[in-house]
$ cat query_21.txt   # compact mmCIF, C-alpha atoms
# COMPACT_ATOMS: atom_id res chain seq x y z
CA MET A 13 1.39 -33.89 -29.12
CA ALA A 14 3.97 -33.85 -26.40
CA LYS A 15 2.89 -36.15 -23.66
CA SER A 16 3.36 -34.96 -20.12
CA ASP A 17 6.34 -36.80 -18.77
CA GLU A 18 6.55 -37.58 -15.08
CA ASP A 19 10.29 -37.32 -15.04
CA ALA A 20 10.51 -34.16 -17.10
CA ALA A 21 11.32 -30.98 -15.25
CA LYS A 22 8.20 -28.97 -14.56
CA TYR A 23 7.64 -25.30 -15.00
CA VAL A 24 5.24 -24.19 -12.25
CA TYR A 25 2.74 -21.38 -12.83
CA GLY A 26 0.71 -21.42 -9.68
CA VAL A 27 -1.25 -23.35 -7.10
CA VAL A 28 -4.98 -24.02 -7.23
CA ARG A 29 -7.52 -26.19 -5.51
CA SER A 30 -7.72 -29.44 -7.37
CA ARG A 31 -9.16 -32.90 -7.10
CA GLY A 32 -7.50 -34.63 -10.00
CA GLY A 33 -4.83 -34.50 -12.67
CA ALA A 34 -6.76 -32.36 -15.09
CA ARG A 35 -5.26 -31.32 -18.39
CA LEU A 36 -6.12 -27.80 -19.41
CA LYS A 37 -6.82 -26.57 -22.89
CA GLN A 38 -4.43 -23.75 -22.39
CA LYS A 39 -0.96 -23.89 -23.86
CA GLY A 40 1.98 -23.28 -21.59
CA ILE A 41 5.53 -22.20 -22.23
CA ASP A 42 6.97 -23.57 -25.48
CA ASP A 43 3.45 -24.66 -26.44
CA LYS A 44 3.56 -27.48 -23.92
CA PRO A 45 0.18 -28.43 -22.47
CA VAL A 46 -0.60 -27.19 -19.00
CA SER A 47 -1.45 -29.97 -16.60
CA VAL A 48 -2.35 -30.09 -12.95
CA VAL A 49 -0.11 -32.03 -10.58
CA SER A 50 -2.21 -32.65 -7.53
CA ASN A 51 -1.84 -33.73 -3.97
CA LYS A 52 -4.85 -34.10 -1.66
CA GLY A 53 -6.89 -31.17 -2.85
CA LEU A 54 -4.00 -28.97 -3.86
CA GLY A 55 -2.95 -28.64 -7.48
CA ALA A 56 0.04 -27.10 -9.20
CA LEU A 57 -0.36 -25.77 -12.73
CA THR A 58 2.64 -27.09 -14.61
CA SER A 59 4.04 -27.76 -18.04
CA ASP A 60 7.02 -29.83 -19.13
CA VAL A 61 10.48 -28.42 -19.57
CA PRO A 62 12.12 -31.30 -21.40
CA ASP A 63 15.64 -29.92 -21.33
CA GLY A 64 15.36 -28.79 -17.74
CA SER A 65 16.24 -25.28 -18.78
CA LEU A 66 14.48 -22.46 -20.51
CA GLU A 67 15.45 -19.38 -22.34
CA ALA A 68 13.24 -16.88 -20.69
CA GLY A 69 12.07 -13.94 -22.69
CA ARG A 70 9.07 -11.86 -23.48
CA GLU A 71 7.02 -14.72 -24.90
CA GLU A 72 7.58 -16.83 -21.79
CA LEU A 73 6.63 -13.99 -19.49
CA LEU A 74 3.44 -13.41 -21.40
CA THR A 75 2.59 -17.10 -21.33
CA HIS A 76 3.15 -17.27 -17.58
CA SER A 77 0.83 -14.34 -17.16
CA ARG A 78 -1.84 -15.75 -19.50
CA VAL A 79 -1.92 -19.18 -17.88
CA LEU A 80 -2.51 -17.50 -14.52
CA GLU A 81 -5.08 -15.20 -16.00
CA GLY A 82 -6.94 -18.24 -17.34
CA ALA A 83 -6.78 -19.92 -13.96
CA LEU A 84 -8.07 -16.80 -12.26
CA LYS A 85 -11.17 -16.94 -14.41
CA ARG A 86 -11.90 -20.41 -13.08
CA GLY A 87 -11.28 -19.61 -9.44
CA VAL A 88 -8.70 -18.83 -6.86
CA VAL A 89 -5.04 -19.20 -7.85
CA LEU A 90 -1.82 -18.49 -5.98
CA PRO A 91 0.67 -17.29 -8.58
CA MET A 92 4.26 -18.47 -8.57
CA ARG A 93 6.92 -15.95 -9.33
CA PHE A 94 8.10 -16.22 -12.91
CA GLY A 95 10.83 -18.74 -13.58
CA VAL A 96 10.20 -21.58 -11.14
CA VAL A 97 11.23 -24.98 -12.52
CA MET A 98 11.16 -28.15 -10.42
CA PRO A 99 12.99 -31.38 -11.24
CA GLY A 100 9.86 -33.48 -11.81
CA GLU A 101 6.31 -34.30 -10.84
CA GLU A 102 7.37 -35.89 -7.59
CA ALA A 103 9.23 -32.78 -6.52
CA VAL A 104 6.18 -30.64 -7.28
CA ARG A 105 4.02 -32.95 -5.22
CA ASP A 106 6.37 -33.35 -2.27
CA GLU A 107 8.45 -30.23 -2.04
CA LEU A 108 5.85 -27.71 -3.10
CA LEU A 109 2.39 -29.04 -2.35
CA ALA A 110 2.91 -31.43 0.55
CA ALA A 111 5.69 -29.53 2.24
CA HIS A 112 3.74 -26.26 2.20
CA ARG A 113 0.24 -27.66 2.50
CA GLU A 114 -0.85 -25.59 5.45
CA GLU A 115 0.40 -22.27 4.10
CA LEU A 116 -1.05 -22.96 0.68
CA GLU A 117 -4.45 -23.94 1.98
CA THR A 118 -4.61 -20.92 4.24
CA GLN A 119 -3.74 -18.59 1.40
CA LEU A 120 -6.15 -20.23 -1.03
CA ASP A 121 -8.88 -19.54 1.51
CA GLU A 122 -7.69 -16.01 2.09
CA MET A 123 -7.43 -15.15 -1.59
CA ASP A 124 -10.69 -16.72 -2.69
CA GLY A 125 -12.86 -14.13 -4.37
CA LYS A 126 -10.12 -11.52 -4.37
CA VAL A 127 -7.98 -10.08 -7.14
CA GLU A 128 -5.01 -7.79 -7.41
CA ILE A 129 -5.34 -4.47 -9.18
CA ASN A 130 -2.19 -2.55 -9.96
CA ILE A 131 -2.51 1.20 -10.16
CA LYS A 132 0.18 3.42 -11.55
CA GLY A 133 -0.08 7.17 -11.45
CA ILE A 134 2.12 8.88 -14.01
CA TYR A 135 2.76 12.58 -14.01
CA GLU A 136 1.83 14.47 -17.11
CA GLU A 137 5.11 16.22 -17.77
CA GLN A 138 3.79 19.56 -18.97
CA GLY A 139 1.22 19.80 -16.24
CA ILE A 140 3.47 18.78 -13.41
CA LEU A 141 6.44 20.91 -14.45
CA ARG A 142 4.19 23.92 -14.76
CA GLU A 143 2.85 23.20 -11.30
CA VAL A 144 6.40 22.96 -9.93
CA LEU A 145 7.27 26.30 -11.52
CA GLU A 146 4.22 27.98 -10.12
CA GLU A 147 4.77 26.73 -6.63
CA ASN A 148 8.48 27.23 -6.34
CA GLN A 149 9.93 30.70 -6.62
CA GLU A 150 13.53 29.58 -6.57
CA ILE A 151 12.94 27.35 -9.56
CA ALA A 152 11.02 30.00 -11.43
CA LYS A 153 13.76 32.57 -10.82
CA LEU A 154 16.54 30.26 -11.82
CA ARG A 155 14.66 29.34 -14.95
CA GLU A 156 14.19 32.98 -15.80
CA PHE A 157 17.88 33.64 -15.19
CA LEU A 158 18.81 30.87 -17.61
CA GLN A 159 16.58 32.01 -20.42
CA GLY A 160 18.56 32.87 -23.51
CA LYS A 161 21.93 32.08 -21.95
CA PRO A 162 24.21 29.61 -23.72
CA ASP A 163 24.32 26.10 -22.30
CA ASP A 164 28.05 25.84 -21.77
CA ALA A 165 28.15 29.03 -19.74
CA THR A 166 25.45 27.86 -17.37
CA TYR A 167 26.30 24.23 -16.75
CA TYR A 168 26.21 24.40 -12.96
CA GLU A 169 23.13 26.56 -12.86
CA ARG A 170 21.33 24.08 -15.04
CA ILE A 171 22.36 21.22 -12.80
CA ARG A 172 21.10 23.19 -9.84
CA LEU A 173 17.81 23.87 -11.62
CA GLY A 174 17.38 20.21 -12.45
CA GLU A 175 18.22 19.23 -8.91
CA LEU A 176 15.62 21.62 -7.55
CA VAL A 177 13.03 20.24 -9.93
CA ALA A 178 13.89 16.68 -8.92
CA GLU A 179 13.55 17.63 -5.27
CA ALA A 180 10.21 19.30 -5.90
CA LEU A 181 8.98 16.24 -7.74
CA THR A 182 10.10 13.97 -4.92
CA ALA A 183 8.11 16.02 -2.45
CA LYS A 184 5.09 16.00 -4.73
CA ARG A 185 5.39 12.28 -5.24
CA ALA A 186 5.24 11.65 -1.51
CA ASP A 187 2.05 13.71 -1.20
CA ASP A 188 0.40 12.31 -4.28
CA GLU A 189 1.26 8.74 -3.42
CA ARG A 190 -0.38 9.17 -0.04
CA LEU A 191 -3.47 10.71 -1.61
CA ILE A 192 -3.79 7.91 -4.15
CA VAL A 193 -3.15 5.07 -1.74
CA ASP A 194 -5.47 6.47 0.93
CA GLY A 195 -8.11 7.24 -1.65
CA LEU A 196 -8.23 3.69 -2.93
CA LEU A 197 -7.43 1.67 0.17
CA SER A 198 -10.84 2.35 1.61
CA HIS A 199 -12.26 0.33 -1.29
CA ALA A 200 -9.77 -2.53 -0.95
CA LEU A 201 -8.58 -4.99 1.68
CA SER A 202 -4.89 -4.34 1.52
CA VAL A 203 -2.21 -2.54 -0.44
CA GLU A 204 1.41 -3.07 -1.41
CA VAL A 205 3.11 0.16 -2.29
CA GLY A 206 5.97 -0.29 -4.72
CA GLU A 207 8.87 1.93 -5.57
CA PRO A 208 8.26 4.26 -8.49
CA VAL A 209 9.82 2.69 -11.57
CA HIS A 210 10.63 5.90 -13.34
CA GLU A 211 11.05 9.53 -12.55
CA ARG A 212 7.63 10.60 -13.66
CA MET A 213 5.81 7.98 -11.64
CA ALA A 214 3.66 9.41 -8.88
CA ALA A 215 2.51 6.11 -7.43
CA ASN A 216 2.84 2.43 -8.06
CA ALA A 217 0.58 0.38 -5.84
CA SER A 218 -1.14 -2.98 -5.90
CA PHE A 219 -4.46 -3.40 -4.14
CA LEU A 220 -6.15 -6.57 -3.02
CA VAL A 221 -9.79 -6.12 -3.95
CA GLU A 222 -12.82 -8.29 -3.37
CA ARG A 223 -14.48 -9.17 -6.65
CA GLU A 224 -17.82 -7.93 -5.33
CA ARG A 225 -16.30 -4.52 -4.73
CA LEU A 226 -14.52 -4.21 -8.07
CA ASP A 227 -17.10 -1.81 -9.44
CA GLU A 228 -16.78 0.35 -6.38
CA PHE A 229 -12.98 0.26 -6.67
CA ASP A 230 -13.17 1.15 -10.37
CA GLN A 231 -15.38 4.10 -9.64
CA ALA A 232 -12.98 5.33 -6.99
CA THR A 233 -10.14 5.09 -9.52
CA GLU A 234 -12.14 7.04 -12.07
CA LYS A 235 -12.86 9.67 -9.49
CA LEU A 236 -9.17 10.04 -8.67
CA GLY A 237 -8.43 10.23 -12.38
CA ALA A 238 -10.91 13.05 -12.79
CA GLU A 239 -9.57 14.93 -9.78
CA HIS A 240 -6.01 14.79 -11.08
CA ALA A 241 -6.79 15.29 -14.75
CA GLY A 242 -4.01 17.17 -16.48
CA ARG A 243 -1.40 16.36 -13.85
CA ILE A 244 -1.55 12.61 -13.24
CA ARG A 245 -2.53 9.94 -15.71
CA PHE A 246 -3.69 6.66 -14.22
CA LYS A 247 -3.03 3.16 -15.46
CA TYR A 248 -5.18 0.38 -14.16
CA THR A 249 -3.99 -3.19 -14.64
CA GLY A 250 -6.12 -6.12 -13.66
CA PRO A 251 -7.87 -8.11 -12.43
CA LEU A 252 -4.69 -10.07 -11.76
CA PRO A 253 -3.95 -13.06 -9.57
CA PRO A 254 -2.76 -11.85 -6.17
CA HIS A 255 0.98 -11.73 -6.94
CA SER A 256 1.74 -9.18 -4.27
CA PHE A 257 -0.22 -10.86 -1.52
CA VAL A 258 1.04 -14.43 -1.44
CA GLU A 259 4.18 -15.88 0.04
CA LEU A 260 5.81 -19.07 1.21
CA ALA A 261 8.10 -19.22 4.18
CA VAL A 262 11.69 -19.62 3.10
CA GLY A 263 13.53 -22.85 3.69
CA GLY A 264 10.38 -24.96 4.05
CA MET B 14 -15.76 -9.15 -14.63
CA ALA B 15 -12.87 -11.10 -15.98
CA THR B 16 -14.52 -11.43 -19.34
CA SER B 17 -14.34 -7.72 -19.87
CA MET B 18 -10.58 -7.86 -19.86
CA GLN B 19 -9.01 -6.73 -23.04
CA GLN B 20 -6.89 -8.95 -25.16
CA SER B 21 -4.74 -6.37 -26.80
CA ARG B 22 -1.39 -5.55 -25.35
CA GLY B 23 -0.53 -2.31 -23.73
CA ALA B 24 -2.91 0.13 -22.24
CA GLN B 25 -5.73 0.29 -24.68
CA PRO B 26 -7.72 3.02 -23.10
CA TYR B 27 -10.90 1.67 -21.71
CA ARG B 28 -13.24 4.58 -21.77
CA GLY B 29 -15.56 3.51 -19.09
CA GLY B 30 -16.88 5.93 -16.51
CA SER B 31 -15.34 9.33 -16.82
CA GLY B 32 -12.57 8.01 -19.06
CA TYR B 33 -9.58 9.30 -17.12
CA VAL B 34 -8.10 5.92 -16.44
CA ALA B 35 -6.33 3.72 -18.99
CA ARG B 36 -7.05 0.09 -18.35
CA SER B 37 -5.39 -3.07 -19.46
CA SER B 38 -5.43 -6.69 -18.46
CA SER B 39 -2.40 -8.70 -17.56
CA SER B 40 -1.59 -9.15 -21.22
CA GLY B 41 0.09 -5.78 -21.06
CA LEU B 42 3.52 -7.15 -20.27
CA TYR B 43 5.14 -4.00 -19.10
CA ASP B 44 2.62 -3.36 -16.38
CA VAL B 45 2.80 -6.82 -14.89
CA LEU B 46 6.49 -7.42 -15.40
CA GLU B 47 7.58 -6.34 -11.98
CA LEU B 48 4.82 -8.38 -10.40
CA ILE B 49 5.62 -11.55 -12.30
CA LEU B 50 9.33 -11.30 -11.66
CA ASP B 51 9.30 -10.02 -8.16
CA LYS B 52 6.11 -11.22 -6.55
CA GLY B 53 4.42 -14.51 -6.01
CA LEU B 54 5.28 -17.82 -4.48
CA VAL B 55 8.83 -19.01 -4.69
CA ILE B 56 10.66 -21.69 -2.77
CA ASP B 57 14.30 -22.17 -2.15
CA VAL B 58 14.86 -25.79 -2.88
CA PHE B 59 15.25 -25.60 -6.61
CA VAL B 60 16.73 -23.54 -9.34
CA ARG B 61 14.89 -20.88 -11.20
CA VAL B 62 15.05 -20.53 -14.92
CA SER B 63 18.09 -18.72 -16.13
CA LEU B 64 16.66 -15.38 -16.93
CA ILE B 65 18.52 -14.03 -19.86
CA GLY B 66 18.31 -10.31 -19.76
CA ILE B 67 15.11 -10.28 -17.80
CA GLU B 68 16.31 -9.51 -14.32
CA ILE B 69 18.54 -6.87 -15.69
CA LEU B 70 15.59 -5.36 -17.43
CA THR B 71 13.56 -5.07 -14.26
CA ILE B 72 16.43 -3.76 -12.24
CA ASP B 73 16.91 -1.16 -14.92
CA ALA B 74 13.31 -0.26 -14.81
CA ARG B 75 13.45 0.45 -11.12
CA ILE B 76 16.24 2.94 -11.15
CA VAL B 77 15.11 6.40 -10.34
CA ILE B 78 18.22 8.23 -11.11
CA ALA B 79 19.61 11.06 -9.09
CA SER B 80 22.46 12.08 -11.29
CA VAL B 81 23.82 15.02 -13.17
CA ASP B 82 22.32 13.62 -16.35
CA THR B 83 18.87 13.53 -14.84
CA TYR B 84 19.23 17.02 -13.50
CA LEU B 85 20.30 18.35 -16.86
CA ARG B 86 17.35 16.69 -18.52
CA PHE B 87 14.97 18.16 -15.96
CA ALA B 88 16.55 21.56 -16.43
CA GLU B 89 16.13 21.34 -20.16
CA ALA B 90 12.53 20.25 -19.82
CA VAL B 91 11.74 23.14 -17.51
CA ASN B 92 13.64 25.62 -19.60
CA ARG B 93 11.77 24.67 -22.69
CA LEU B 94 8.41 24.50 -20.98
CA ASP B 95 5.88 26.40 -22.97
CA LEU B 96 4.41 28.88 -20.57
CA MET B 97 2.11 30.48 -23.12
CA ALA B 98 -0.87 29.01 -21.41
CA THR B 99 -0.10 30.60 -18.08
CA GLU B 100 2.01 33.65 -18.84
CA THR B 101 1.11 36.28 -21.35
CA GLN B 102 3.72 38.87 -20.64
CA GLY B 103 6.77 39.34 -22.79
CA LEU B 104 9.07 36.65 -21.65
CA PRO B 105 12.26 36.51 -23.64
CA GLU B 106 11.57 33.15 -25.18
CA LEU B 107 8.33 34.37 -26.63
CA MET B 108 10.38 36.70 -28.76
CA GLU B 109 12.09 33.77 -30.34
CA GLY B 110 8.86 32.95 -32.03
CA ILE B 111 10.31 30.44 -34.40
CA THR B 112 11.43 28.01 -31.76
CA GLU B 113 8.18 28.26 -29.93
CA GLY B 114 6.32 25.86 -32.12
CA GLY B 115 8.80 23.13 -31.41
CA ALA B 116 8.99 23.87 -27.74
CA SER B 117 6.37 21.57 -26.45
CA SER B 118 7.53 18.64 -28.47
CA LYS B 119 11.07 19.32 -27.43
CA THR B 120 10.02 19.27 -23.81
CA LYS B 121 8.36 16.00 -24.31
CA GLY B 122 11.50 14.79 -25.98
CA ALA B 123 13.59 15.57 -22.97
CA LEU B 124 11.57 13.59 -20.50
CA GLN B 125 10.81 10.95 -23.03
CA GLY B 126 14.53 10.66 -23.46
CA ALA B 127 14.90 9.96 -19.80
CA LYS B 128 12.41 7.19 -20.05
CA GLU B 129 14.11 5.72 -23.05
CA ALA B 130 17.36 5.72 -21.19
CA LEU B 131 15.60 3.67 -18.58
CA PHE B 132 13.69 1.31 -20.76
CA GLY B 133 15.58 1.38 -24.01
CA GLY B 134 12.39 1.68 -25.93
CA ASP B 135 11.47 4.01 -28.71
CA GLU B 136 7.84 3.11 -28.51
CA ASP B 137 5.12 5.35 -27.45
CA GLU B 138 4.23 5.13 -23.82
CA GLU B 139 0.95 3.47 -24.56
CA ASP B 140 2.90 0.76 -26.22
CA GLU B 141 5.07 -0.17 -23.31
CA GLY B 142 3.74 -3.67 -23.32
CA ASP B 143 5.86 -4.49 -26.30
CA ARG B 144 9.16 -3.95 -24.71
CA GLU B 145 11.52 -6.65 -25.80
CA ARG B 146 13.85 -8.66 -23.67
CA SER B 147 16.81 -7.13 -25.41
CA THR B 148 16.84 -4.25 -23.00
CA THR B 149 20.04 -5.22 -21.34
CA ARG B 150 21.61 -1.96 -20.74
CA ARG B 151 22.65 -0.77 -17.40
CA ARG B 152 22.94 -3.01 -14.50
CA ARG B 153 22.96 -2.30 -10.91
CA SER B 154 24.43 -4.79 -8.55
CA SER B 155 22.51 -3.96 -5.45
CA SER B 156 18.78 -3.96 -5.57
CA GLY B 157 18.33 -4.16 -1.84
CA SER B 158 16.46 -0.93 -1.52
CA THR B 159 14.36 -1.44 -4.59
CA THR B 160 12.71 -4.57 -3.30
CA ARG B 161 11.58 -2.73 -0.24
CA ARG B 162 7.87 -2.54 -0.16
CA ARG B 163 5.46 -1.12 2.26
CA ARG B 164 2.34 -2.88 3.12
CA ARG B 165 -0.72 -1.51 4.70
CA THR B 166 -3.99 -3.04 5.50
CA SER B 167 -7.26 -1.24 5.53
CA SER B 168 -9.00 -0.59 8.80
CA GLY B 169 -10.77 -3.92 8.78
CA GLY B 170 -7.46 -5.64 9.16
CA ASN B 171 -6.80 -9.25 8.45
CA SER B 172 -4.28 -11.94 9.03
CA SER B 173 -2.16 -10.97 6.07
CA GLY B 174 -1.16 -7.85 7.89
CA SER B 175 0.44 -9.78 10.67
CA ARG B 176 2.64 -11.65 8.27
CA SER B 177 4.09 -8.54 6.83
CA GLY B 178 6.86 -8.30 9.34
CA SER B 179 8.69 -11.37 8.23
CA ARG B 180 7.67 -10.92 4.68
CA SER B 181 10.08 -8.42 3.27
CA GLY B 182 13.05 -10.02 4.92
CA SER B 183 12.37 -13.49 3.72
CA ARG B 184 11.51 -12.29 0.29
CA SER B 185 14.74 -10.52 -0.36
CA LYS B 186 16.57 -13.48 1.05
CA SER B 187 14.96 -15.90 -1.29
CA ARG B 188 15.50 -13.54 -4.13
CA SER B 189 19.18 -13.18 -3.76
CA GLY B 190 19.47 -16.87 -3.10
CA SER B 191 17.72 -17.89 -6.23
CA ARG B 192 19.55 -15.33 -8.25
CA SER B 193 22.97 -16.46 -7.40
CA LYS B 194 21.93 -19.98 -8.28
CA SER B 195 20.63 -18.99 -11.62
CA ARG B 196 23.89 -17.36 -12.49
CA SER B 197 26.08 -20.30 -11.71
$ encode --input "query_21.txt" --output "structure tokens"
Amino acid sequence: MAKSDEDAAKYVYGVVRSRGGARLKQKGIDDKPVSVVSNKGLGALTSDVPDGSLEAGREELLTHSRVLEGALKRGVVLPMRFGVVMPGEEAVRDELLAAHREELETQLDEMDGKVEINIKGIYEEQGILREVLEENQEIAKLREFLQGKPDDATYYERIRLGELVAEALTAKRADDERLIVDGLLSHALSVEVGEPVHERMAANASFLVERERLDEFDQATEKLGAEHAGRIRFKYTGPLPPHSFVELAVGG
Amino acid sequence: MATSMQQSRGAQPYRGGSGYVARSSSSGLYDVLELILDKGLVIDVFVRVSLIGIEILTIDARIVIASVDTYLRFAEAVNRLDLMATETQGLPELMEGITEGGASSKTKGALQGAKEALFGGDEDEEDEGDRERSTTRRRRSSSGSTTRRRRRTSSGGNSSGSRSGSRSGSRSKSRSGSRSKSRS
């Protein structure tokens, strides 16, 4: 078994409340054990990076996420962004925990009992395109005009059609995003609205939800799903550690 | 609550309630990727892991293209849309009965194609969690606008709302800072 080495570079997963240098059962990146580096009540979940560098891929991302998921089951955790490596235990203690003590403690208190839920609304292509056609005469007419005509003779018309559809979708997205965010925010504490990550995405938002209200939040999501059946499909990811709701001041 | 999380990757539909919402835990990589890479605590004083292919992958994933290619794909999708369900009158394409059977799958293909261009995957959408790191296709130098996020706090309000002002600025700063380091 690899022994945790004080001088080895440390991969840092997140910050928890901690009293002592506990060693967790969980395996970290590269199968290294996850251990807690602590400083006066604050603990950093770390594992050794013997070479000081990592090749970061899918496996490492999943491990990062699983270690945090495990920590979340035990209590409050402030997740680090993926890919943070510090030169050694001392650096973790001094430059992360001690240097940011106040911010970290405040956020541990704030995030206690809360989780992040990520909601993505994805347009059902058939449903949404049909809706666009029904609502937009110009698109419907242009489509009709193009029927049966050869592609190379209608290049610019097709571009125009696609452009109109893209515009219509953009307008729809703005409306639907508002509906979704407003619909769920009343069951959450806070929301971070992200950019859509692909052209069929209606909404991409992370909510900070109190654990006690998770059932209520879930029901609200189901209700939205039912209301938009056939046009928007919902993806619910969580409970997650509050990635979108933590931050350290820069240059601390 | 946490114990009900599912272990399998991707969005294994959790048919609770009315069953309209696909649920997955954080083990669905695709759905947490942007959060893990873009969100969470980070400090400036040290180097981040060299992310081979990963940052490129997320930047890729965030592009919502407004280009001729996209428009042509949209046009094709709309043109091939099967209107049987809503229109019963003799539209020209209904006469071409033979192609009709393939129409809906072709439509799917068009938009699916757009997604594949973005993500480089040939997996089914429900399988997005399996996307490999090898997706190193297009790269976009400036991601300034894509990191823009909007935060709102529900009526109760809390202290996190007041921090939001400085938040986005400092975040993008730290991001670009750490990135340039990781490249050197």
$ interface_residues --input "query_21.txt" --of "chain A" --to "chain B" --cutoff "6 Å" --atoms "all atoms listed in the file" --output "PDB file with C-alpha atoms, keeping the file's coordinate frame"
ATOM      1  CA  LEU A  66      14.480 -22.460 -20.510  1.00  0.00           C
ATOM      2  CA  ALA A  68      13.240 -16.880 -20.690  1.00  0.00           C
ATOM      3  CA  GLY A  69      12.070 -13.940 -22.690  1.00  0.00           C
ATOM      4  CA  ARG A  70       9.070 -11.860 -23.480  1.00  0.00           C
ATOM      5  CA  PRO A  91       0.670 -17.290  -8.580  1.00  0.00           C
ATOM      6  CA  MET A  92       4.260 -18.470  -8.570  1.00  0.00           C
ATOM      7  CA  ARG A  93       6.920 -15.950  -9.330  1.00  0.00           C
ATOM      8  CA  PHE A  94       8.100 -16.220 -12.910  1.00  0.00           C
ATOM      9  CA  GLY A  95      10.830 -18.740 -13.580  1.00  0.00           C
ATOM     10  CA  VAL A  96      10.200 -21.580 -11.140  1.00  0.00           C
ATOM     11  CA  VAL A  97      11.230 -24.980 -12.520  1.00  0.00           C
ATOM     12  CA  ARG A 170      21.330  24.080 -15.040  1.00  0.00           C
ATOM     13  CA  ILE A 171      22.360  21.220 -12.800  1.00  0.00           C
ATOM     14  CA  LEU A 173      17.810  23.870 -11.620  1.00  0.00           C
ATOM     15  CA  GLY A 174      17.380  20.210 -12.450  1.00  0.00           C
ATOM     16  CA  GLU A 175      18.220  19.230  -8.910  1.00  0.00           C
ATOM     17  CA  LEU A 201      -8.580  -4.990   1.680  1.00  0.00           C
ATOM     18  CA  SER A 202      -4.890  -4.340   1.520  1.00  0.00           C
ATOM     19  CA  VAL A 203      -2.210  -2.540  -0.440  1.00  0.00           C
ATOM     20  CA  GLU A 204       1.410  -3.070  -1.410  1.00  0.00           C
ATOM     21  CA  VAL A 205       3.110   0.160  -2.290  1.00  0.00           C
ATOM     22  CA  GLY A 206       5.970  -0.290  -4.720  1.00  0.00           C
ATOM     23  CA  VAL A 209       9.820   2.690 -11.570  1.00  0.00           C
ATOM     24  CA  HIS A 210      10.630   5.900 -13.340  1.00  0.00           C
ATOM     25  CA  GLU A 211      11.050   9.530 -12.550  1.00  0.00           C
ATOM     26  CA  GLY A 237      -8.430  10.230 -12.380  1.00  0.00           C
ATOM     27  CA  ALA A 238     -10.910  13.050 -12.790  1.00  0.00           C
ATOM     28  CA  PHE A 246      -3.690   6.660 -14.220  1.00  0.00           C
ATOM     29  CA  LYS A 247      -3.030   3.160 -15.460  1.00  0.00           C
ATOM     30  CA  TYR A 248      -5.180   0.380 -14.160  1.00  0.00           C
ATOM     31  CA  THR A 249      -3.990  -3.190 -14.640  1.00  0.00           C
ATOM     32  CA  GLY A 250      -6.120  -6.120 -13.660  1.00  0.00           C
ATOM     33  CA  HIS A 255       0.980 -11.730  -6.940  1.00  0.00           C
ATOM     34  CA  SER A 256       1.740  -9.180  -4.270  1.00  0.00           C
ATOM     35  CA  VAL A 258       1.040 -14.430  -1.440  1.00  0.00           C
ATOM     36  CA  GLU A 259       4.180 -15.880   0.040  1.00  0.00           C
ATOM     37  CA  LEU A 260       5.810 -19.070   1.210  1.00  0.00           C
ATOM     38  CA  GLY A 263      13.530 -22.850   3.690  1.00  0.00           C
TER      39      GLY A 263
END
$ atom_distance --input "query_21.txt" --atom1 "CA of Glu107 in chain A" --atom2 "CA of Ile41 in chain A"
21.9 Å
$ atom_distance --input "query_21.txt" --atom1 "CA of Leu197 in chain A" --atom2 "CA of Glu136 in chain A"
23.4 Å
$ atom_distance --input "query_21.txt" --atom1 "CA of Arg31 in chain A" --atom2 "CA of Lys52 in chain A"
7.0 Å
$ residues_around --input "query_21.txt" --residues "range 21-30 of chain A" --least-positions-apart "5" --cutoff "9 Å" --atoms "only C-alpha atoms" --output "MDAnalysis selection string"
(chainID A and resid 40:41 48:65 76:77 79:80 83 87:101 103:104 109 116:117 120) or (chainID B and resid 53:54 62)
$ closest_residue --input "query_21.txt" --among "A:Gly139, A:Pro253, A:Gly133, A:Gly242" --to "Arg190 in chain A" --atoms "only C-alpha atoms"
A:Gly133
$ residues_around --input "query_21.txt" --residues "Phe157 in chain A" --least-positions-apart "6" --cutoff "10 Å" --atoms "all atoms listed in the file" --output "number ranges by chain"
A: 151, 166, 169
$ write_last_selection --input "query_21.txt" --atoms "C-alpha atoms" --output "mmCIF file, keeping the file's coordinate frame"
data_model
loop_
_atom_site.group_PDB
_atom_site.id
_atom_site.type_symbol
_atom_site.label_atom_id
_atom_site.label_comp_id
_atom_site.auth_asym_id
_atom_site.auth_seq_id
_atom_site.Cartn_x
_atom_site.Cartn_y
_atom_site.Cartn_z
ATOM 1 C CA ILE A 151 12.940 27.350 -9.560
ATOM 2 C CA THR A 166 25.450 27.860 -17.370
ATOM 3 C CA GLU A 169 23.130 26.560 -12.860
#
